[in-house]
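Taking it in order: structure first as structure tokens, then the write-up.
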Number of protein chains: 2
Amino acid sequence: MENTDNFTLACPIPIAQYPQILLAHGGGGKLMHQLIDKMLAPTFGTTDIQHDAATFELPRGRVAFTTDSYVVRPLFFPGGDIGSIAVCGTVNDLAMAGARPLYLSAGFILEEGLAIESLWRVVQSMQATAQKAGVRIITGDTKVVDRGKGDGIFINTAGVGIIEHDLSISPKAVQPSDVLLLNGDIGRHGIAIMALREGLAFTHTIDSDVAPVADLVGQLLAAGIEIHCLRDLTRGGLATTLNEIAAASRKDIQIDESLIPVEEQVQGACEILGLDPLYVACEGRFVAFVPPQDADRALAIMQQHPLGVGACQIGSVTAETTGLVSLRSKIGVARIIDMLTGEQLPRIC
Amino acid sequence: MENTDNFTLACPIPIAQYPQILLAHGGGGKLMHQLIDKMLAPTFGTTDIQHDAATFELPRGRVAFTTDSYVVRPLFFPGGDIGSIAVCGTVNDLAMAGARPLYLSAGFILEEGLAIESLWRVVQSMQATAQKAGVRIITGDTKVVDRGKGDGIFINTAGVGIIEHDLSISPKAVQPSDVLLLNGDIGRHGIAIMALREGLAFTHTIDSDVAPVADLVGQLLAAGIEIHCLRDLTRGGLATTLNEIAAASRKDIQIDESLIPVEEQVQGACEILGLDPLYVACEGRFVAFVPPQDADRALAIMQQHPLGVGACQIGSVTAETTGLVSLRSKIGVARIIDMLTGEQLPRIC
């Protein structure tokens, strides 16, 4: 995600006069209206922002609806920012339900004293990411909390999408012998954040993998791939995600460590920080469970997409029904990998 | 809103073991899953909470979509709490677009150290309010921020509703000679909060007016009332709301102070606190713009509803097109009332 190019527009709020967010920016009066009318509505292209709700017609199909709040710190990091995550995270949740994302809401909780310039960067990044993802931000809300009762910017996005196929994509649809496909290397988002927080320096900066994967999923669906389950690898990483699916489907999953791509620098940073890349969050990676007869074709489609260049098969579903996930290590030893127990990486998204 | 009756269920999380929210409750691991699987999903009755998104079929019609974040403090106040506001606020925004509210999302931003018991009270209140409002909370998210970077509980709700009539309810539909109807006395929500913060004591406690008004609006629509515009009187109160509509419709609005009901104790508290009730937020009050020939019938419908007992006509739209709101005072003097400029009541919702 190269968002820096988008930060060249001048801030539409007179920064000399209002350099920081005041409590009044959330109070319902003139300053709040200035923020909405001059910054948020024109950037997001929302014409009916004065309304209590946005309205639209939906194409026929089942509707998917999801929400996530974003509290990542720092607000800006290599490869992205809280704005790009807030759009990608919700777009990806819709994509994981097999839906085509259409509309987002954006709820801001701003801390008194926040630089208006920071908000402006985030808002522009949200819009640039929404355009890439093919969604529109059509309704929103702004609240301000007193200094010391927030942390700069928290964002909630909710998303509405449409399901235009007859597949039932869910852990319940997972079948024995299903193949697990992954769209690229894991752990870059979490390590980009942790490296920044811990002041680690690398030969090359590790960029977050944050990206909207709905178009890639849409291509798989359009090609008629019989997708059984999809899940993005956010909080808790690959290991936790697979444990959720194994538990919900009551199927066993076997993955092979040697097949799971981890960039060399990410692996090195994990060793320094005492982290296991299997548990580190990604923001643009997902696993797809597909029947073996569709696996090669699905993999080819993924590898031809910019967000699936490094796609690979990492394991399969076994005939067991204990709901466990096992990892075959690089030296050939199999072990059960559990869900994350404590808090590995706080405020990663 | 009598929520206290709902707080008798035992907390489903073992409080002796986990009395407070930990960072790990937002980390994607076992504690977060416990919170979702044992408290949130069973209380909200969401079966597919494991999914990244909830899915549903919508009846035919235009879709309305809205969001609000809630940061009210304190979390609990006479007549309601952050949970009841978080449901009513979003339900009411949908109702104001003329939609029948159907589904809500709930995004929690919890501060490390929050008493689990407090979260449990709020979650139960949300569900009780959702039931009253006829909506279902079907998808959600939980994030935890470190101590001192939040303020107990922030909640975002987004809502989806369906518009099942052919009216275009918006400021643009406002017509000269339209009558303004109000469903009851104003200012109780704001004063309930401020009185608590300032330690004011009254003969009778002033309860917040927080309530879901969608059913009342639905009755007006079902009766074929030609509603031109609806708006709930939240941040900035009646004065700000009418200014928004006057500006957006480029019509002048005239209201009569002697017709606007303000409870005696609310009036007294406003005088002590130096507030004008016209600018104090409500959470269960709205204005409806209807043509004069429909006004009596609409008023009768409102007055027969529990949330419109005190409904009344407070003014009308004039033939002028300057976008101004004027108030005829009790002593007969007319003055222009402007939008709120500064911050009257921070964190009122």
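Residues in the structure tokens are named by chain (A, B, ... in the order shown) and by number from 1 within that chain; ligands are numbered from 1 in the order shown.
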
Select, as a PDB file with N, CA and C atoms, in the first residue's frame, those residues of chain B with any atom no more than 7 Å from chain A (distances computed using only C-alpha atoms).
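Result file follows (part.pdb):
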ATOM      1  N   LEU B  23      -5.523  -6.950  28.515  1.00  0.00           N
ATOM      2  CA  LEU B  23      -5.181  -6.727  27.104  1.00  0.00           C
ATOM      3  C   LEU B  23      -5.461  -7.990  26.281  1.00  0.00           C
ATOM      4  N   ALA B  24      -5.285  -9.144  26.893  1.00  0.00           N
ATOM      5  CA  ALA B  24      -5.476 -10.406  26.172  1.00  0.00           C
ATOM      6  C   ALA B  24      -6.927 -10.621  25.737  1.00  0.00           C
ATOM      7  N   GLY B  27      -6.844  -9.782  22.189  1.00  0.00           N
ATOM      8  CA  GLY B  27      -5.672 -10.220  21.428  1.00  0.00           C
ATOM      9  C   GLY B  27      -5.921 -11.307  20.405  1.00  0.00           C
ATOM     10  N   GLY B  28      -7.137 -11.794  20.314  1.00  0.00           N
ATOM     11  CA  GLY B  28      -7.413 -12.826  19.317  1.00  0.00           C
ATOM     12  C   GLY B  28      -7.277 -14.235  19.856  1.00  0.00           C
ATOM     13  N   GLY B  29      -6.876 -14.374  21.118  1.00  0.00           N
ATOM     14  CA  GLY B  29      -6.621 -15.702  21.668  1.00  0.00           C
ATOM     15  C   GLY B  29      -7.761 -16.225  22.520  1.00  0.00           C
ATOM     16  N   LYS B  30      -7.404 -17.081  23.492  1.00  0.00           N
ATOM     17  CA  LYS B  30      -8.425 -17.807  24.254  1.00  0.00           C
ATOM     18  C   LYS B  30      -9.329 -16.897  25.075  1.00  0.00           C
ATOM     19  N   ASP B  52     -16.612 -14.283   9.918  1.00  0.00           N
ATOM     20  CA  ASP B  52     -16.105 -12.919   9.758  1.00  0.00           C
ATOM     21  C   ASP B  52     -17.237 -11.926   9.528  1.00  0.00           C
ATOM     22  N   ALA B  53     -18.341 -12.378   8.966  1.00  0.00           N
ATOM     23  CA  ALA B  53     -19.476 -11.498   8.705  1.00  0.00           C
ATOM     24  C   ALA B  53     -20.764 -12.278   8.913  1.00  0.00           C
ATOM     25  N   ALA B  54     -21.817 -11.578   9.309  1.00  0.00           N
ATOM     26  CA  ALA B  54     -23.136 -12.185   9.401  1.00  0.00           C
ATOM     27  C   ALA B  54     -23.822 -12.033   8.049  1.00  0.00           C
ATOM     28  N   THR B  55     -24.702 -12.952   7.716  1.00  0.00           N
ATOM     29  CA  THR B  55     -25.415 -12.850   6.437  1.00  0.00           C
ATOM     30  C   THR B  55     -26.917 -12.974   6.662  1.00  0.00           C
ATOM     31  N   PHE B  56     -27.671 -12.348   5.800  1.00  0.00           N
ATOM     32  CA  PHE B  56     -29.127 -12.389   5.907  1.00  0.00           C
ATOM     33  C   PHE B  56     -29.748 -12.038   4.558  1.00  0.00           C
ATOM     34  N   GLU B  57     -31.025 -12.388   4.409  1.00  0.00           N
ATOM     35  CA  GLU B  57     -31.796 -11.957   3.249  1.00  0.00           C
ATOM     36  C   GLU B  57     -32.522 -10.679   3.651  1.00  0.00           C
ATOM     37  N   ARG B  62     -35.472  -0.130  -0.567  1.00  0.00           N
ATOM     38  CA  ARG B  62     -34.190   0.549  -0.426  1.00  0.00           C
ATOM     39  C   ARG B  62     -33.609   0.205   0.930  1.00  0.00           C
ATOM     40  N   VAL B  63     -32.279   0.141   0.997  1.00  0.00           N
ATOM     41  CA  VAL B  63     -31.594  -0.200   2.231  1.00  0.00           C
ATOM     42  C   VAL B  63     -31.089   1.082   2.876  1.00  0.00           C
ATOM     43  N   ALA B  64     -31.225   1.196   4.201  1.00  0.00           N
ATOM     44  CA  ALA B  64     -30.639   2.315   4.939  1.00  0.00           C
ATOM     45  C   ALA B  64     -29.513   1.771   5.801  1.00  0.00           C
ATOM     46  N   PHE B  65     -28.441   2.544   5.930  1.00  0.00           N
ATOM     47  CA  PHE B  65     -27.218   2.092   6.609  1.00  0.00           C
ATOM     48  C   PHE B  65     -26.676   3.289   7.379  1.00  0.00           C
ATOM     49  N   THR B  66     -26.349   3.088   8.636  1.00  0.00           N
ATOM     50  CA  THR B  66     -25.860   4.201   9.448  1.00  0.00           C
ATOM     51  C   THR B  66     -24.922   3.703  10.523  1.00  0.00           C
ATOM     52  N   THR B  67     -24.188   4.608  11.143  1.00  0.00           N
ATOM     53  CA  THR B  67     -23.300   4.232  12.241  1.00  0.00           C
ATOM     54  C   THR B  67     -23.168   5.375  13.229  1.00  0.00           C
ATOM     55  N   ASP B  68     -22.903   5.035  14.476  1.00  0.00           N
ATOM     56  CA  ASP B  68     -22.544   6.008  15.500  1.00  0.00           C
ATOM     57  C   ASP B  68     -21.650   5.328  16.520  1.00  0.00           C
ATOM     58  N   SER B  69     -20.690   6.091  17.035  1.00  0.00           N
ATOM     59  CA  SER B  69     -19.909   5.622  18.177  1.00  0.00           C
ATOM     60  C   SER B  69     -20.448   6.306  19.419  1.00  0.00           C
ATOM     61  N   ASP B  93     -31.531   6.633  14.226  1.00  0.00           N
ATOM     62  CA  ASP B  93     -31.000   7.180  12.976  1.00  0.00           C
ATOM     63  C   ASP B  93     -31.623   6.480  11.770  1.00  0.00           C
ATOM     64  N   LEU B  94     -31.800   5.173  11.869  1.00  0.00           N
ATOM     65  CA  LEU B  94     -32.462   4.447  10.775  1.00  0.00           C
ATOM     66  C   LEU B  94     -33.919   4.898  10.649  1.00  0.00           C
ATOM     67  N   MET B  96     -35.163   7.704  11.409  1.00  0.00           N
ATOM     68  CA  MET B  96     -35.221   9.068  10.877  1.00  0.00           C
ATOM     69  C   MET B  96     -35.049   9.086   9.353  1.00  0.00           C
ATOM     70  N   ALA B  97     -34.471   8.029   8.807  1.00  0.00           N
ATOM     71  CA  ALA B  97     -34.394   7.898   7.347  1.00  0.00           C
ATOM     72  C   ALA B  97     -35.647   7.212   6.805  1.00  0.00           C
ATOM     73  N   SER B 105     -24.710  -4.034  14.238  1.00  0.00           N
ATOM     74  CA  SER B 105     -23.406  -4.553  14.629  1.00  0.00           C
ATOM     75  C   SER B 105     -23.009  -3.863  15.923  1.00  0.00           C
ATOM     76  N   GLY B 107     -19.420  -2.897  18.024  1.00  0.00           N
ATOM     77  CA  GLY B 107     -17.967  -2.902  18.164  1.00  0.00           C
ATOM     78  C   GLY B 107     -17.590  -2.287  19.504  1.00  0.00           C
ATOM     79  N   THR B 139     -23.549  -9.111  14.554  1.00  0.00           N
ATOM     80  CA  THR B 139     -22.110  -9.226  14.306  1.00  0.00           C
ATOM     81  C   THR B 139     -21.402  -8.233  15.209  1.00  0.00           C
ATOM     82  N   GLY B 140     -20.164  -8.502  15.556  1.00  0.00           N
ATOM     83  CA  GLY B 140     -19.490  -7.617  16.496  1.00  0.00           C
ATOM     84  C   GLY B 140     -17.995  -7.784  16.501  1.00  0.00           C
ATOM     85  N   ASP B 141     -17.369  -7.021  17.383  1.00  0.00           N
ATOM     86  CA  ASP B 141     -15.907  -6.995  17.460  1.00  0.00           C
ATOM     87  C   ASP B 141     -15.524  -6.453  18.827  1.00  0.00           C
ATOM     88  N   LYS B 143     -12.144  -4.917  20.943  1.00  0.00           N
ATOM     89  CA  LYS B 143     -10.743  -4.500  21.026  1.00  0.00           C
ATOM     90  C   LYS B 143     -10.478  -4.025  22.450  1.00  0.00           C
ATOM     91  N   VAL B 145      -7.771  -1.582  24.707  1.00  0.00           N
ATOM     92  CA  VAL B 145      -6.649  -0.631  24.707  1.00  0.00           C
ATOM     93  C   VAL B 145      -6.061  -0.567  26.110  1.00  0.00           C
ATOM     94  N   GLY B 148      -5.560   3.832  30.558  1.00  0.00           N
ATOM     95  CA  GLY B 148      -5.227   5.239  30.339  1.00  0.00           C
ATOM     96  C   GLY B 148      -5.287   5.659  28.881  1.00  0.00           C
ATOM     97  N   LYS B 149      -5.654   4.729  27.994  1.00  0.00           N
ATOM     98  CA  LYS B 149      -5.776   5.072  26.566  1.00  0.00           C
ATOM     99  C   LYS B 149      -7.219   4.944  26.084  1.00  0.00           C
ATOM    100  N   GLY B 150      -8.122   4.739  27.030  1.00  0.00           N
ATOM    101  CA  GLY B 150      -9.547   4.669  26.711  1.00  0.00           C
ATOM    102  C   GLY B 150     -10.291   5.199  27.924  1.00  0.00           C
ATOM    103  N   ASP B 151     -11.572   4.864  28.034  1.00  0.00           N
ATOM    104  CA  ASP B 151     -12.317   5.326  29.208  1.00  0.00           C
ATOM    105  C   ASP B 151     -13.430   4.327  29.531  1.00  0.00           C
ATOM    106  N   ASN B 156     -19.328   1.203  19.286  1.00  0.00           N
ATOM    107  CA  ASN B 156     -19.861   1.630  17.992  1.00  0.00           C
ATOM    108  C   ASN B 156     -20.956   0.648  17.591  1.00  0.00           C
ATOM    109  N   ALA B 158     -23.410  -0.065  14.134  1.00  0.00           N
ATOM    110  CA  ALA B 158     -23.871   0.296  12.796  1.00  0.00           C
ATOM    111  C   ALA B 158     -25.191  -0.433  12.608  1.00  0.00           C
ATOM    112  N   ARG B 235     -27.031  15.380  19.654  1.00  0.00           N
ATOM    113  CA  ARG B 235     -26.041  16.429  19.933  1.00  0.00           C
ATOM    114  C   ARG B 235     -26.456  17.782  19.365  1.00  0.00           C
ATOM    115  N   GLY B 236     -26.414  18.789  20.196  1.00  0.00           N
ATOM    116  CA  GLY B 236     -26.790  20.127  19.741  1.00  0.00           C
ATOM    117  C   GLY B 236     -28.264  20.435  19.954  1.00  0.00           C
ATOM    118  N   THR B 240     -30.007  23.046  17.098  1.00  0.00           N
ATOM    119  CA  THR B 240     -29.021  22.654  16.088  1.00  0.00           C
ATOM    120  C   THR B 240     -29.664  21.802  15.004  1.00  0.00           C
ATOM    121  N   MET B 339     -27.000  27.634  15.164  1.00  0.00           N
ATOM    122  CA  MET B 339     -26.420  26.354  15.532  1.00  0.00           C
ATOM    123  C   MET B 339     -25.499  26.555  16.730  1.00  0.00           C
ATOM    124  N   LEU B 340     -25.312  25.505  17.518  1.00  0.00           N
ATOM    125  CA  LEU B 340     -24.367  25.550  18.628  1.00  0.00           C
ATOM    126  C   LEU B 340     -22.971  25.881  18.097  1.00  0.00           C
ATOM    127  N   THR B 341     -22.272  26.822  18.742  1.00  0.00           N
ATOM    128  CA  THR B 341     -20.950  27.189  18.245  1.00  0.00           C
ATOM    129  C   THR B 341     -19.843  26.407  18.942  1.00  0.00           C
ATOM    130  N   GLY B 342     -19.811  26.461  20.252  1.00  0.00           N
ATOM    131  CA  GLY B 342     -18.739  25.783  20.973  1.00  0.00           C
ATOM    132  C   GLY B 342     -19.166  24.396  21.393  1.00  0.00           C
ATOM    133  N   GLU B 343     -18.686  23.972  22.530  1.00  0.00           N
ATOM    134  CA  GLU B 343     -18.995  22.654  23.053  1.00  0.00           C
ATOM    135  C   GLU B 343     -19.846  22.856  24.276  1.00  0.00           C
ATOM    136  N   LEU B 345     -22.091  20.407  25.834  1.00  0.00           N
ATOM    137  CA  LEU B 345     -22.088  19.246  26.706  1.00  0.00           C
ATOM    138  C   LEU B 345     -21.203  18.157  26.115  1.00  0.00           C
ATOM    139  N   PRO B 346     -19.956  18.059  26.562  1.00  0.00           N
ATOM    140  CA  PRO B 346     -19.097  17.034  25.983  1.00  0.00           C
ATOM    141  C   PRO B 346     -19.522  15.624  26.398  1.00  0.00           C
ATOM    142  N   ARG B 347     -19.348  14.697  25.518  1.00  0.00           N
ATOM    143  CA  ARG B 347     -19.552  13.257  25.776  1.00  0.00           C
ATOM    144  C   ARG B 347     -20.912  12.952  26.388  1.00  0.00           C
TER     145      ARG B 347
END

Task: Non-local contacts of Glu226 in chain A (8 Å; only C-alpha atoms; under 3 positions in same chain excluded) as a PyMOL selection string - done: chain A and resi 167+221+290-291+294

Open item on the list: If you run DSSP on the backbone here, which positions in range 153-321 of chain B get strand (DSSP E or B)? Please write them as a ChimeraX atom specification.
Closed with: /B:153-163,179-182,229-232,253-256,286-290,312-317

Task: Shell of 10 Å around Gln293 in chain B, only C-alpha atoms, local chain residues under 6 positions omitted, as a list in words - done: Asp178, Val179, Ile225 and Glu226 of chain B

Task: Contacts of Ala130 in chain A at 12 Å (only C-alpha atoms; same-chain gap of 6+ positions) as a VMD selection string - done: chain A and resid 1 3 43 to 45 83 to 92 101 to 106 123 to 124 136 to 138 157 159 211 to 214

Only C-alpha atoms, please: the residues just picked out, written as a short mmCIF file (atom, residue, chain, number, x, y, z; two decimals), in the first residue's frame.
data_model
loop_
_atom_site.label_atom_id
_atom_site.label_comp_id
_atom_site.auth_asym_id
_atom_site.auth_seq_id
_atom_site.Cartn_x
_atom_site.Cartn_y
_atom_site.Cartn_z
CA MET A 1 0.00 0.00 0.00
CA ASN A 3 -0.36 5.86 0.54
CA THR A 43 -13.01 13.28 0.60
CA PHE A 44 -15.31 10.29 0.82
CA GLY A 45 -17.58 11.71 -1.88
CA GLY A 83 -6.91 4.30 7.86
CA SER A 84 -5.76 1.67 5.37
CA ILE A 85 -6.23 -1.06 7.99
CA ALA A 86 -9.71 0.20 8.87
CA VAL A 87 -10.80 -0.18 5.26
CA CYS A 88 -8.91 -3.39 4.42
CA GLY A 89 -9.91 -5.20 7.61
CA THR A 90 -13.61 -4.79 7.04
CA VAL A 91 -13.42 -5.30 3.26
CA ASN A 92 -11.52 -8.53 3.92
CA PRO A 101 -17.94 -5.56 -0.54
CA LEU A 102 -19.98 -2.50 -1.52
CA TYR A 103 -20.42 0.06 1.24
CA LEU A 104 -18.60 1.04 4.43
CA SER A 105 -19.43 3.23 7.39
CA ALA A 106 -16.70 5.09 9.28
CA VAL A 123 -8.91 10.20 6.03
CA GLN A 124 -7.10 10.44 2.69
CA ARG A 136 -17.65 3.49 -1.01
CA ILE A 137 -17.61 5.07 2.46
CA ILE A 138 -21.16 6.42 2.62
CA THR A 157 -15.83 0.57 10.09
CA GLY A 159 -19.36 -3.03 5.90
CA ALA A 211 -4.25 -4.96 1.42
CA PRO A 212 -7.85 -5.53 0.33
CA VAL A 213 -8.17 -9.09 -0.98
CA ALA A 214 -11.80 -8.98 -2.14
#

Task: Residue list (alpha helix (DSSP H), DSSP) for range 155-322 of chain B, as a PyMOL selection string - done: chain B and resi 188-198+214-222+237-249+264-273+292-303

Open item on the list: Can you tell me which residues surround range 318-321 of chain B at a distance of at most 10 Å, considering only C-alpha atoms, apart from same-chain residues fewer than 5 positions away, and format the answer as number ranges by chain?
Closed with: B: 175-179, 246-247, 249-254

Take the residues that were just selected and, keeping all heavy atoms, output them as a compact mmCIF listing (two decimals), in the first residue's frame.
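Contents of again08.txt, freshly written:
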# COMPACT_ATOMS: atom_id res chain seq x y z
N GLN B 175 -41.46 21.39 2.77
CA GLN B 175 -42.25 22.33 1.99
C GLN B 175 -42.71 23.51 2.85
O GLN B 175 -42.93 23.34 4.05
CB GLN B 175 -43.51 21.63 1.46
CG GLN B 175 -43.24 20.49 0.50
CD GLN B 175 -42.53 20.96 -0.76
OE1 GLN B 175 -42.78 22.06 -1.25
NE2 GLN B 175 -41.62 20.14 -1.27
N PRO B 176 -42.87 24.70 2.24
CA PRO B 176 -43.46 25.81 2.98
C PRO B 176 -44.83 25.38 3.51
O PRO B 176 -45.56 24.66 2.80
CB PRO B 176 -43.61 26.92 1.93
CG PRO B 176 -42.68 26.55 0.84
CD PRO B 176 -42.58 25.07 0.84
N SER B 177 -45.14 25.80 4.72
CA SER B 177 -46.38 25.48 5.43
C SER B 177 -46.37 24.12 6.11
O SER B 177 -47.31 23.77 6.81
CB SER B 177 -47.64 25.64 4.55
OG SER B 177 -47.85 24.48 3.78
N ASP B 178 -45.28 23.34 5.93
CA ASP B 178 -45.15 22.10 6.71
C ASP B 178 -45.24 22.42 8.20
O ASP B 178 -44.76 23.46 8.66
CB ASP B 178 -43.78 21.44 6.45
CG ASP B 178 -43.80 20.49 5.27
OD1 ASP B 178 -44.86 20.32 4.65
OD2 ASP B 178 -42.73 19.91 4.97
N VAL B 179 -45.85 21.49 8.92
CA VAL B 179 -46.00 21.63 10.37
C VAL B 179 -44.93 20.80 11.06
O VAL B 179 -44.60 19.70 10.62
CB VAL B 179 -47.42 21.17 10.77
CG1 VAL B 179 -47.54 21.01 12.26
CG2 VAL B 179 -48.45 22.15 10.22
N ALA B 246 -32.99 23.50 8.20
CA ALA B 246 -33.24 24.78 7.52
C ALA B 246 -32.16 25.05 6.47
O ALA B 246 -32.45 25.45 5.34
CB ALA B 246 -33.31 25.91 8.54
N ALA B 247 -30.90 24.79 6.85
CA ALA B 247 -29.79 25.05 5.92
C ALA B 247 -29.86 24.11 4.73
O ALA B 247 -29.68 24.52 3.58
CB ALA B 247 -28.46 24.91 6.66
N SER B 249 -32.44 22.47 3.54
CA SER B 249 -33.66 22.61 2.73
C SER B 249 -33.80 24.01 2.14
O SER B 249 -34.63 24.24 1.27
CB SER B 249 -34.89 22.31 3.59
OG SER B 249 -35.04 23.29 4.60
N ARG B 250 -32.97 24.95 2.63
CA ARG B 250 -33.10 26.37 2.25
C ARG B 250 -34.52 26.87 2.48
O ARG B 250 -35.12 27.55 1.65
CB ARG B 250 -32.66 26.61 0.80
CG ARG B 250 -31.22 26.23 0.54
CD ARG B 250 -30.60 27.03 -0.57
NE ARG B 250 -29.15 27.03 -0.46
CZ ARG B 250 -28.44 27.87 0.28
NH1 ARG B 250 -29.04 28.81 0.97
NH2 ARG B 250 -27.13 27.78 0.33
N LYS B 251 -35.07 26.46 3.60
CA LYS B 251 -36.39 26.95 4.02
C LYS B 251 -36.24 27.58 5.41
O LYS B 251 -35.36 27.19 6.18
CB LYS B 251 -37.39 25.79 4.13
CG LYS B 251 -37.60 25.00 2.85
CD LYS B 251 -38.55 25.70 1.90
CE LYS B 251 -38.88 24.82 0.70
NZ LYS B 251 -37.70 24.32 -0.05
N ASP B 252 -37.10 28.52 5.72
CA ASP B 252 -37.10 29.09 7.07
C ASP B 252 -38.05 28.32 7.97
O ASP B 252 -39.11 27.86 7.53
CB ASP B 252 -37.51 30.57 7.02
CG ASP B 252 -36.35 31.44 6.56
OD1 ASP B 252 -35.46 30.90 5.87
OD2 ASP B 252 -36.35 32.64 6.89
N ILE B 253 -37.65 28.20 9.21
CA ILE B 253 -38.46 27.49 10.19
C ILE B 253 -38.77 28.44 11.33
O ILE B 253 -37.90 29.18 11.80
CB ILE B 253 -37.70 26.25 10.73
CG1 ILE B 253 -37.47 25.24 9.60
CG2 ILE B 253 -38.45 25.62 11.90
CD1 ILE B 253 -36.56 24.09 9.98
N GLN B 254 -40.03 28.44 11.77
CA GLN B 254 -40.43 29.29 12.88
C GLN B 254 -40.98 28.39 13.98
O GLN B 254 -41.88 27.57 13.72
CB GLN B 254 -41.52 30.25 12.41
CG GLN B 254 -41.73 31.41 13.33
CD GLN B 254 -42.54 32.50 12.62
OE1 GLN B 254 -43.48 32.20 11.88
NE2 GLN B 254 -42.19 33.75 12.84

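Omitting Leu278 in chain B and its sequence neighbours fewer than 6 positions away, and counting only C-alpha atoms, the residues within 8 Å are Ile186, Gly187, Gly237, Leu238 and Ala239 of chain B.
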
Those residues with N, CA, C and O atoms, as an mmCIF file, in the first residue's frame please?
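File produced: result02.cif:
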data_model
loop_
_atom_site.group_PDB
_atom_site.id
_atom_site.type_symbol
_atom_site.label_atom_id
_atom_site.label_comp_id
_atom_site.auth_asym_id
_atom_site.auth_seq_id
_atom_site.Cartn_x
_atom_site.Cartn_y
_atom_site.Cartn_z
ATOM 1 N N ILE B 186 -38.319 18.158 25.896
ATOM 2 C CA ILE B 186 -36.913 18.102 25.468
ATOM 3 C C ILE B 186 -35.947 18.276 26.640
ATOM 4 O O ILE B 186 -36.306 18.787 27.702
ATOM 5 N N GLY B 187 -34.729 17.811 26.426
ATOM 6 C CA GLY B 187 -33.609 18.111 27.321
ATOM 7 C C GLY B 187 -33.360 17.120 28.432
ATOM 8 O O GLY B 187 -32.363 17.263 29.156
ATOM 9 N N GLY B 237 -29.061 19.403 20.278
ATOM 10 C CA GLY B 237 -30.457 19.603 20.646
ATOM 11 C C GLY B 237 -31.348 20.093 19.513
ATOM 12 O O GLY B 237 -30.981 20.080 18.332
ATOM 13 N N LEU B 238 -32.546 20.530 19.911
ATOM 14 C CA LEU B 238 -33.563 20.971 18.948
ATOM 15 C C LEU B 238 -33.059 22.109 18.066
ATOM 16 O O LEU B 238 -33.249 22.105 16.843
ATOM 17 N N ALA B 239 -32.381 23.081 18.665
ATOM 18 C CA ALA B 239 -31.955 24.258 17.900
ATOM 19 C C ALA B 239 -30.995 23.876 16.781
ATOM 20 O O ALA B 239 -31.141 24.319 15.627
#

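The list of residues with at least one atom within 12 Å of Ile272 in chain A, based on only C-alpha atoms and without residues fewer than 6 positions apart in the same chain, reads A:Ile191, A:Met194, A:Ala195, A:Glu198, A:Gly199, A:Leu200, A:Ala201, A:Phe202, A:Gln265, A:Val266.
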
TODO: In Å, rounded to a single decimal, give me how far CA of Gly79 in chain A is from CA of Asp209 in chain A.
DONE: 7.1 Å

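Of note, CA of Gly268 in chain A and CA of Leu324 in chain A are spaced 28.2 Å apart.
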
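Considering only C-alpha atoms, the residue among B:Ile255, B:Arg285, B:Gly310, B:Ala192 positioned nearest to His204 in chain B is B:Ala192.
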
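Nearest residue to His189 in chain A among A:Ile206, A:Ile336, A:Cys282, A:Leu114 is A:Cys282, counting only C-alpha atoms.
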